[in-house]
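Report on the structure given below.
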Amino acid sequence: MSRTRAEIESEIMSLLRDNIRNIVPYSTARDDCKAKMDIYLDANENPFDTGVNRYPSPHQPKLKKMLSVLKKVPEENIFTGNGSDEPIDLIFRMFCPPGKSSMVQAVPTYGMYSVAAAINDVRVIDAPLSADFTLDADDLLSRVEPDTRLIFLCSPNNPSGNLLDRDAIISILDRFQGIVVVDEAYIDFAESPGFTGLLSQYPRLIVLQTLSKAWGMAGLRIGMAMADSCITGIMSRIKYPYNISVLNQSKAEEILSDPLKAADRVKELIAERTRLSEALSALPEVLKVYPSDANFLLVRFRDKDKAFAALMEAGIIVRDRSSAYNCAGCLRITVGTPEENDRLLAVLGASRAQAGSRSPVLAGGRKASVFRKTGETSVCVRSDLDSFRPPRIATGLNFLNHMLEQIGYHAHIALDVICFGDLETDDHHSVEDIAIALGDCLDSALGDKSGIGRYGFSLPMDEAEATVLIDLGGRIDFLWDVALSGEKVGDVTSVMFRHFFKSLSEHLKCNLHIKAAGENDHHVIEGVFKAFARALRQAVGRVPGGNDIPSSKGRL
Ligand SMILES: *Cc1c(COP(=O)(O)O)cnc(C)c1O
């Protein structure tokens with residue numbers, strides 16, 4: 001069943017336009033020369049420093065490295081472009097002979113696909129979504145013609161706002177022999193993992209994402225295509241050499257380095273989406289608010305012109321989508337700030353009660369966040385010992401991601417860990433600095449430790465045979481009796497696990513005794529992380545009714 005790399009590449013090559021297959025890219029002297037030089041006299045730049053006198057990095061390795069950590073997609077599978085517009089256009093140029101090919105799109109959808117098709121002289125075949133905008137794979141595939149090279153699907157879809165059915169998309173991937181593009185511009189607003197996890201399984205899949213929406217960087221024009229390395233490789237060869245400016249690359253790197261801030265904004269927008277949707281639904285002028293997995297709502301009005309004009313009059317612009325397929329009477333309204341949404345609702349006649357109010361930020365709680373930056377890594381850790389939600393973990397190390405998730409789930413705490421590290425050297429700095437930041441963060445969230453259980457012990461777990469004892473009393477003592485047979489566990493160096501828990505115990509200021517054994521290193525380490533999480537849960541947990549410091553000395 002599984003195909004060799006050569007077979008996959010030859011299939012992709014066979015789908016390319018003939019002129020693209022063997023194209024020789026524009027090359028720069030700096031591409032050809034890998035060593036770091038002192039003096040650059042190769043590109044006819046002006047040598048005097050204006051801040052932007054040098055050409056940008058043509059392949060944006062730093063940006064791709066950060067995106068790779070955050071998206072959990074290898075760098076070689078990421079293409080970064082001037083907005084999503086650039087990869088959309090490149091996809092047509094790569095796969096569609098002008099005047100002799102067609103693409104199928106599920107309508108109503110984003111207008112750029114048909115614009116890019118027209119520019120490239122590619123015929124557009126519309127496959128309608130149902131009245132409530134669901135995707136019917138059989139119907140769509142029945143519209144494919146012999147010259148159809150591409151299928152464009154947008155999920156969550158613009159302008160309808162809904163995620164398309166996952167199984168329907170998979171069925172199209174399984175049955176269509178050309179390229180399937182899934183545009184996930186709004187995926188961060190949806191509760192769905194999206195399709196990047198299926199890239200290795202479907203080499204003819206291209207997933208588009210963008211920094212324009214959830215990341216708040218529309219002004220920078222940075223979009224990405226994630227696909228088989230053969231496809232991203234061709235994209236890099238046919239793009240303009242310097243497609244993302246110096247300033248745009250550095251600003252994006254700056255904003256990406258604080259991903260938890262972006263995640264907070266997304267959370268707030270999702271809460272506002274719910275409030276706006278409920279408030280609009282209650283208005284007599286509104287016939288329907290479509291369910292949304294994005295940062296906008298498609299709303300059908302009794303009289304959309306009247307609503308549009310009233311909003312215009314009040315200085316609020318929304319998008320009239322009434323001419324799109326199945327969208328008669330509909331305006332598309334982007335979710336704004338709470339204040340902007342209040343104004344919109346007031347103009348449309350909602351009472352204060354109908355408008356509701358922004359969801360209260362949960363007060364109190366034992367929370368902390370730590371941002372730690374060194375020459376080698378930049379780590380953000382955030383935890384809340386009194387609430388749980390699925391952990392957000394991105395470290396660039398798949399196995400460590402998985403283990404840190406275990407801590408969040410099994411300690412039943414909110415835990416976010418993001419690390420950009422020098423993994424091209426090795427995993428040492430990343431693992432150590434994550435442990436330090438995690439220890440500091442948990443210690444700081446514990447505050448004066450009043451009311452806690454203090455001790456945690458986790459009995460042997462049958463599958464893993466791991467024992468972890470913890471005392472959060474403030475003294476540091478570390479014991480590690482874990483035999484690992486291999487040099488690595490997953491993509492993490494085995495000796496780093498001892499180092500991880502040792503650094504963690506020093507920064508969490510705890511006694512930590514860990515013993516584990518077993519046949520399989522993966523199970524042993526997973527047992528250690530789970531047992532640690534369980535022990536931590538017990539130790540940080542509040543004792544019922546107790547508000548004292550759990551020590552006869554009265555302090556910890
Ligand atoms: C906004 C949007 C994009 C993003 O376009 P950029 O060029 O990256 O700003 C892509 N696809 C869809 C469906 C969109 O709505």
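Residue numbering restarts at 1 in every chain; chains get A, B, ... in the order shown in the structure tokens, and ligands count up from 1 in that same order.
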
*In segment 93-292 of chain A, what's alpha helix (DSSP H) per DSSP? Answer as a PyMOL selection string?*
chain A and resi 93-95+112-119+137-142+166-175+229-238+246-256+259-281

Enumerate residues in contact with ligand 1: an atom-to-atom distance of at most 7 Å, counting only C-alpha atoms and all ligand atoms. Format the result as a PDB file with C-alpha atoms, in the first residue's frame.
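As written to disk, selection-v8.pdb reads:
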```pdb
ATOM      1  CA  GLY A  83      -0.177  36.466   1.140  1.00  0.00           C
ATOM      2  CA  SER A  84      -2.132  33.344   0.223  1.00  0.00           C
ATOM      3  CA  ASP A  85      -2.650  35.054  -3.113  1.00  0.00           C
ATOM      4  CA  TYR A 110     -13.582  32.817  -1.777  1.00  0.00           C
ATOM      5  CA  CYS A 154     -12.220  26.280   1.631  1.00  0.00           C
ATOM      6  CA  ASN A 157     -15.540  28.300   4.131  1.00  0.00           C
ATOM      7  CA  ASN A 158     -15.696  31.955   3.197  1.00  0.00           C
ATOM      8  CA  ASP A 183      -7.756  26.604   2.159  1.00  0.00           C
ATOM      9  CA  GLU A 184      -7.622  26.864   5.955  1.00  0.00           C
ATOM     10  CA  ALA A 185      -7.344  30.643   6.282  1.00  0.00           C
ATOM     11  CA  GLN A 209      -2.994  28.968   5.723  1.00  0.00           C
ATOM     12  CA  THR A 210      -2.243  32.617   6.358  1.00  0.00           C
ATOM     13  CA  LEU A 211      -0.942  35.027   8.976  1.00  0.00           C
ATOM     14  CA  SER A 212      -3.634  37.512   7.905  1.00  0.00           C
ATOM     15  CA  LYS A 213      -6.533  36.457  10.131  1.00  0.00           C
ATOM     16  CA  ALA A 218      -2.975  41.075   7.253  1.00  0.00           C
ATOM     17  CA  ARG A 221       0.959  39.834   3.389  1.00  0.00           C
ATOM     18  CA  ILE A 222       2.281  36.446   4.462  1.00  0.00           C
ATOM     19  CA  GLY A 223       0.532  33.244   3.525  1.00  0.00           C
TER      20      GLY A 223
END
```

Would you return as a PDB file with N, CA, C and O atoms, in the first residue's frame the members of segment 158-301 of chain A that DSSP assigns to strand (DSSP E) on this structure's backbone?
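And here's out.pdb as it stands now:
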```pdb
ATOM      1  N   ILE A 179      -4.798  17.562  -8.042  1.00  0.00           N
ATOM      2  CA  ILE A 179      -4.392  18.262  -6.825  1.00  0.00           C
ATOM      3  C   ILE A 179      -5.627  18.771  -6.075  1.00  0.00           C
ATOM      4  O   ILE A 179      -6.527  19.361  -6.683  1.00  0.00           O
ATOM      5  N   VAL A 180      -5.671  18.547  -4.763  1.00  0.00           N
ATOM      6  CA  VAL A 180      -6.760  19.071  -3.937  1.00  0.00           C
ATOM      7  C   VAL A 180      -6.189  20.145  -3.011  1.00  0.00           C
ATOM      8  O   VAL A 180      -5.248  19.884  -2.256  1.00  0.00           O
ATOM      9  N   VAL A 181      -6.741  21.357  -3.120  1.00  0.00           N
ATOM     10  CA  VAL A 181      -6.285  22.457  -2.268  1.00  0.00           C
ATOM     11  C   VAL A 181      -7.329  22.664  -1.175  1.00  0.00           C
ATOM     12  O   VAL A 181      -8.513  22.834  -1.471  1.00  0.00           O
ATOM     13  N   VAL A 182      -6.896  22.613   0.084  1.00  0.00           N
ATOM     14  CA  VAL A 182      -7.804  22.924   1.193  1.00  0.00           C
ATOM     15  C   VAL A 182      -7.321  24.234   1.806  1.00  0.00           C
ATOM     16  O   VAL A 182      -6.217  24.302   2.351  1.00  0.00           O
ATOM     17  N   ASP A 183      -8.125  25.281   1.656  1.00  0.00           N
ATOM     18  CA  ASP A 183      -7.756  26.604   2.159  1.00  0.00           C
ATOM     19  C   ASP A 183      -8.247  26.734   3.597  1.00  0.00           C
ATOM     20  O   ASP A 183      -9.444  26.759   3.863  1.00  0.00           O
ATOM     21  N   LEU A 205      -2.234  16.674  -1.747  1.00  0.00           N
ATOM     22  CA  LEU A 205      -2.969  17.667  -0.951  1.00  0.00           C
ATOM     23  C   LEU A 205      -2.102  18.907  -0.722  1.00  0.00           C
ATOM     24  O   LEU A 205      -0.925  18.788  -0.395  1.00  0.00           O
ATOM     25  N   ILE A 206      -2.696  20.081  -0.921  1.00  0.00           N
ATOM     26  CA  ILE A 206      -2.023  21.335  -0.550  1.00  0.00           C
ATOM     27  C   ILE A 206      -2.918  22.046   0.466  1.00  0.00           C
ATOM     28  O   ILE A 206      -4.097  22.270   0.190  1.00  0.00           O
ATOM     29  N   VAL A 207      -2.366  22.361   1.638  1.00  0.00           N
ATOM     30  CA  VAL A 207      -3.130  23.097   2.649  1.00  0.00           C
ATOM     31  C   VAL A 207      -2.635  24.539   2.656  1.00  0.00           C
ATOM     32  O   VAL A 207      -1.426  24.785   2.773  1.00  0.00           O
ATOM     33  N   LEU A 208      -3.553  25.484   2.490  1.00  0.00           N
ATOM     34  CA  LEU A 208      -3.190  26.900   2.560  1.00  0.00           C
ATOM     35  C   LEU A 208      -3.564  27.448   3.925  1.00  0.00           C
ATOM     36  O   LEU A 208      -4.647  27.172   4.432  1.00  0.00           O
ATOM     37  N   GLN A 209      -2.661  28.206   4.516  1.00  0.00           N
ATOM     38  CA  GLN A 209      -2.994  28.968   5.723  1.00  0.00           C
ATOM     39  C   GLN A 209      -2.394  30.356   5.568  1.00  0.00           C
ATOM     40  O   GLN A 209      -1.706  30.631   4.585  1.00  0.00           O
ATOM     41  N   THR A 210      -2.667  31.224   6.515  1.00  0.00           N
ATOM     42  CA  THR A 210      -2.243  32.617   6.358  1.00  0.00           C
ATOM     43  C   THR A 210      -1.963  33.236   7.721  1.00  0.00           C
ATOM     44  O   THR A 210      -2.498  32.778   8.734  1.00  0.00           O
ATOM     45  N   ILE A 222       1.550  37.712   4.410  1.00  0.00           N
ATOM     46  CA  ILE A 222       2.281  36.446   4.462  1.00  0.00           C
ATOM     47  C   ILE A 222       1.295  35.286   4.550  1.00  0.00           C
ATOM     48  O   ILE A 222       0.473  35.217   5.458  1.00  0.00           O
ATOM     49  N   GLY A 223       1.369  34.437   3.547  1.00  0.00           N
ATOM     50  CA  GLY A 223       0.532  33.244   3.525  1.00  0.00           C
ATOM     51  C   GLY A 223       1.427  32.045   3.342  1.00  0.00           C
ATOM     52  O   GLY A 223       2.606  32.175   3.017  1.00  0.00           O
ATOM     53  N   MET A 224       0.885  30.863   3.583  1.00  0.00           N
ATOM     54  CA  MET A 224       1.721  29.680   3.397  1.00  0.00           C
ATOM     55  C   MET A 224       0.962  28.556   2.743  1.00  0.00           C
ATOM     56  O   MET A 224      -0.247  28.433   2.884  1.00  0.00           O
ATOM     57  N   ALA A 225       1.738  27.776   2.006  1.00  0.00           N
ATOM     58  CA  ALA A 225       1.206  26.544   1.444  1.00  0.00           C
ATOM     59  C   ALA A 225       1.984  25.424   2.101  1.00  0.00           C
ATOM     60  O   ALA A 225       3.211  25.478   2.174  1.00  0.00           O
ATOM     61  N   MET A 226       1.265  24.417   2.603  1.00  0.00           N
ATOM     62  CA  MET A 226       1.932  23.269   3.194  1.00  0.00           C
ATOM     63  C   MET A 226       1.583  22.045   2.347  1.00  0.00           C
ATOM     64  O   MET A 226       0.407  21.825   2.027  1.00  0.00           O
ATOM     65  N   VAL A 286     -33.529  40.015  11.475  1.00  0.00           N
ATOM     66  CA  VAL A 286     -32.614  38.947  11.053  1.00  0.00           C
ATOM     67  C   VAL A 286     -33.375  37.643  10.842  1.00  0.00           C
ATOM     68  O   VAL A 286     -34.100  37.176  11.716  1.00  0.00           O
ATOM     69  N   LEU A 287     -33.225  37.062   9.639  1.00  0.00           N
ATOM     70  CA  LEU A 287     -33.889  35.790   9.343  1.00  0.00           C
ATOM     71  C   LEU A 287     -33.037  34.611   9.797  1.00  0.00           C
ATOM     72  O   LEU A 287     -33.548  33.612  10.268  1.00  0.00           O
ATOM     73  N   LYS A 288     -31.723  34.726   9.610  1.00  0.00           N
ATOM     74  CA  LYS A 288     -30.871  33.586   9.977  1.00  0.00           C
ATOM     75  C   LYS A 288     -29.426  34.031  10.181  1.00  0.00           C
ATOM     76  O   LYS A 288     -28.898  34.837   9.414  1.00  0.00           O
ATOM     77  N   VAL A 289     -28.824  33.495  11.215  1.00  0.00           N
ATOM     78  CA  VAL A 289     -27.375  33.644  11.385  1.00  0.00           C
ATOM     79  C   VAL A 289     -26.801  32.252  11.163  1.00  0.00           C
ATOM     80  O   VAL A 289     -27.152  31.313  11.871  1.00  0.00           O
ATOM     81  N   PHE A 296     -16.107  35.482  11.356  1.00  0.00           N
ATOM     82  CA  PHE A 296     -17.162  36.295  10.752  1.00  0.00           C
ATOM     83  C   PHE A 296     -18.460  35.506  10.773  1.00  0.00           C
ATOM     84  O   PHE A 296     -18.458  34.285  11.011  1.00  0.00           O
ATOM     85  N   LEU A 297     -19.554  36.222  10.545  1.00  0.00           N
ATOM     86  CA  LEU A 297     -20.871  35.582  10.516  1.00  0.00           C
ATOM     87  C   LEU A 297     -21.560  35.925   9.204  1.00  0.00           C
ATOM     88  O   LEU A 297     -21.515  37.080   8.765  1.00  0.00           O
ATOM     89  N   LEU A 298     -22.184  34.944   8.597  1.00  0.00           N
ATOM     90  CA  LEU A 298     -23.028  35.200   7.438  1.00  0.00           C
ATOM     91  C   LEU A 298     -24.453  35.343   7.971  1.00  0.00           C
ATOM     92  O   LEU A 298     -24.953  34.436   8.655  1.00  0.00           O
ATOM     93  N   VAL A 299     -25.060  36.492   7.690  1.00  0.00           N
ATOM     94  CA  VAL A 299     -26.347  36.813   8.305  1.00  0.00           C
ATOM     95  C   VAL A 299     -27.366  37.167   7.222  1.00  0.00           C
ATOM     96  O   VAL A 299     -27.102  38.036   6.377  1.00  0.00           O
ATOM     97  N   ARG A 300     -28.505  36.473   7.237  1.00  0.00           N
ATOM     98  CA  ARG A 300     -29.561  36.783   6.261  1.00  0.00           C
ATOM     99  C   ARG A 300     -30.554  37.741   6.911  1.00  0.00           C
ATOM    100  O   ARG A 300     -31.082  37.456   7.993  1.00  0.00           O
ATOM    101  N   PHE A 301     -30.763  38.879   6.248  1.00  0.00           N
ATOM    102  CA  PHE A 301     -31.663  39.911   6.770  1.00  0.00           C
ATOM    103  C   PHE A 301     -32.976  39.903   5.990  1.00  0.00           C
ATOM    104  O   PHE A 301     -33.019  39.515   4.819  1.00  0.00           O
TER     105      PHE A 301
END
```

Closest-contact table, segment 440-476 of chain A side, partner segment 487-501 of chain A, 12 Å, counting only C-alpha atoms, as JSON lines:
```
{"residue": "A:Val468", "atom": "CA", "partner": "A:Phe501", "partner_atom": "CA", "distance": 11.0}
{"residue": "A:Ile470", "atom": "CA", "partner": "A:Phe501", "partner_atom": "CA", "distance": 11.5}
{"residue": "A:Ile476", "atom": "CA", "partner": "A:Phe501", "partner_atom": "CA", "distance": 11.7}
```

Just the selected residues (all heavy atoms), exported as a compact mmCIF listing (two decimals), in the first residue's frame, please.
```
# COMPACT_ATOMS: atom_id res chain seq x y z
N VAL A 468 6.54 7.95 40.82
CA VAL A 468 7.02 9.32 41.02
C VAL A 468 6.53 9.80 42.37
O VAL A 468 5.35 9.69 42.69
CB VAL A 468 6.50 10.25 39.90
CG1 VAL A 468 6.84 11.70 40.22
CG2 VAL A 468 7.08 9.84 38.55
N ILE A 470 6.65 13.23 44.92
CA ILE A 470 6.97 14.65 44.88
C ILE A 470 6.62 15.30 46.21
O ILE A 470 5.65 14.91 46.87
CB ILE A 470 6.21 15.32 43.70
CG1 ILE A 470 6.76 16.72 43.40
CG2 ILE A 470 4.72 15.42 43.94
CD1 ILE A 470 6.22 17.29 42.10
N ILE A 476 15.11 20.90 47.63
CA ILE A 476 15.36 20.25 46.35
C ILE A 476 16.14 18.96 46.57
O ILE A 476 17.21 18.96 47.19
CB ILE A 476 16.17 21.18 45.42
CG1 ILE A 476 15.37 22.47 45.16
CG2 ILE A 476 16.50 20.48 44.10
CD1 ILE A 476 16.19 23.59 44.57
```

_Leu344 of chain A environment, 10 Å, only C-alpha atoms, sequence neighbours closer than 3 positions dropped, as JSON, numbers by chain_ = {"A": [276, 280, 310, 311, 314, 315, 316, 317, 318, 333, 336, 338, 339, 340, 341, 347, 348, 349, 350, 355]}

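With only C-alpha atoms taken into account, the protein and nucleic acid residues at most 10 Å from Leu63 of chain A (excluding it and anything under 2 positions from it in its own chain) are A:His59, A:Gln60, A:Pro61, A:Lys65, A:Met66, A:Leu67, A:Ser68, A:Glu75, A:Thr80, A:Gln249, A:Ser250, A:Ala252, A:Glu253, A:Glu254, A:Leu256.
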
*Residue nearest Gly439 of chain A among A:Ser383, A:Ser505, A:Ser142, A:Ser322 (counting only C-alpha atoms)*: A:Ser505

*For Ile23 of chain A, work out the shell of residues within 10 Å, counting only C-alpha atoms and skipping chain neighbours fewer than 2 positions away, then give it as number ranges by chain.*
A: 18-21, 25-26, 234, 237-238

*Write out as a ChimeraX atom specification the residues lying within 12 Å of Ile169 of chain A, counting only C-alpha atoms and excluding same-chain residues fewer than 3 positions away.*
/A:106,134-138,140-141,151-155,163-166,172-176,180-183,194-195,198,202,205

With C-alpha atoms retained, could you export that selection as a CSV table (one decimal), in the first residue's frame?
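Output contents, as saved in result.csv:
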```
chain,number,residue,atom,x,y,z
A,106,ALA,CA,-17.3,24.3,-4.1
A,134,THR,CA,-22.4,21.3,3.4
A,135,LEU,CA,-20.2,19.5,1.0
A,136,ASP,CA,-21.4,16.5,-1.0
A,137,ALA,CA,-18.3,14.6,-2.3
A,138,ASP,CA,-20.2,12.5,-4.9
A,140,LEU,CA,-18.6,17.5,-6.6
A,141,LEU,CA,-16.7,14.6,-8.1
A,151,ILE,CA,-10.2,21.1,-6.7
A,152,PHE,CA,-10.4,24.1,-4.4
A,153,LEU,CA,-12.1,23.6,-1.0
A,154,CYS,CA,-12.2,26.3,1.6
A,155,SER,CA,-12.7,25.1,5.2
A,163,LEU,CA,-16.1,23.8,8.4
A,164,LEU,CA,-16.7,21.4,5.5
A,165,ASP,CA,-17.3,17.8,6.4
A,166,ARG,CA,-14.0,16.1,7.1
A,172,ILE,CA,-12.4,13.6,-2.5
A,173,LEU,CA,-8.7,13.2,-1.6
A,174,ASP,CA,-9.1,9.4,-2.0
A,175,ARG,CA,-10.9,9.5,-5.3
A,176,PHE,CA,-9.7,12.6,-7.3
A,180,VAL,CA,-6.8,19.1,-3.9
A,181,VAL,CA,-6.3,22.5,-2.3
A,182,VAL,CA,-7.8,22.9,1.2
A,183,ASP,CA,-7.8,26.6,2.2
A,194,GLY,CA,-7.5,20.8,10.0
A,195,PHE,CA,-5.6,18.8,7.4
A,198,LEU,CA,-2.7,14.3,6.7
A,202,TYR,CA,-1.9,12.5,0.7
A,205,LEU,CA,-3.0,17.7,-1.0
```

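Coordinates place atom CA of Leu220 of chain A at a distance of 27.9 Å from atom CA of Val370 of chain A.
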
_Distance query Phe532 of chain A at most 12 Å, only C-alpha atoms, self and fewer than 2 positions along chain excluded, as a PyMOL selection string_ = chain A and resi 403-404+406-412+455-461+466-471+501+504-505+511-516+525-530+534-540

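The two atoms in question, atom CA of Ala346 of chain A and atom CA of Phe189 of chain A, are spaced 25.2 Å apart.
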
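Between atom CA of Pro108 of chain A and atom CA of Ala309 of chain A there is a distance of 23.9 Å.
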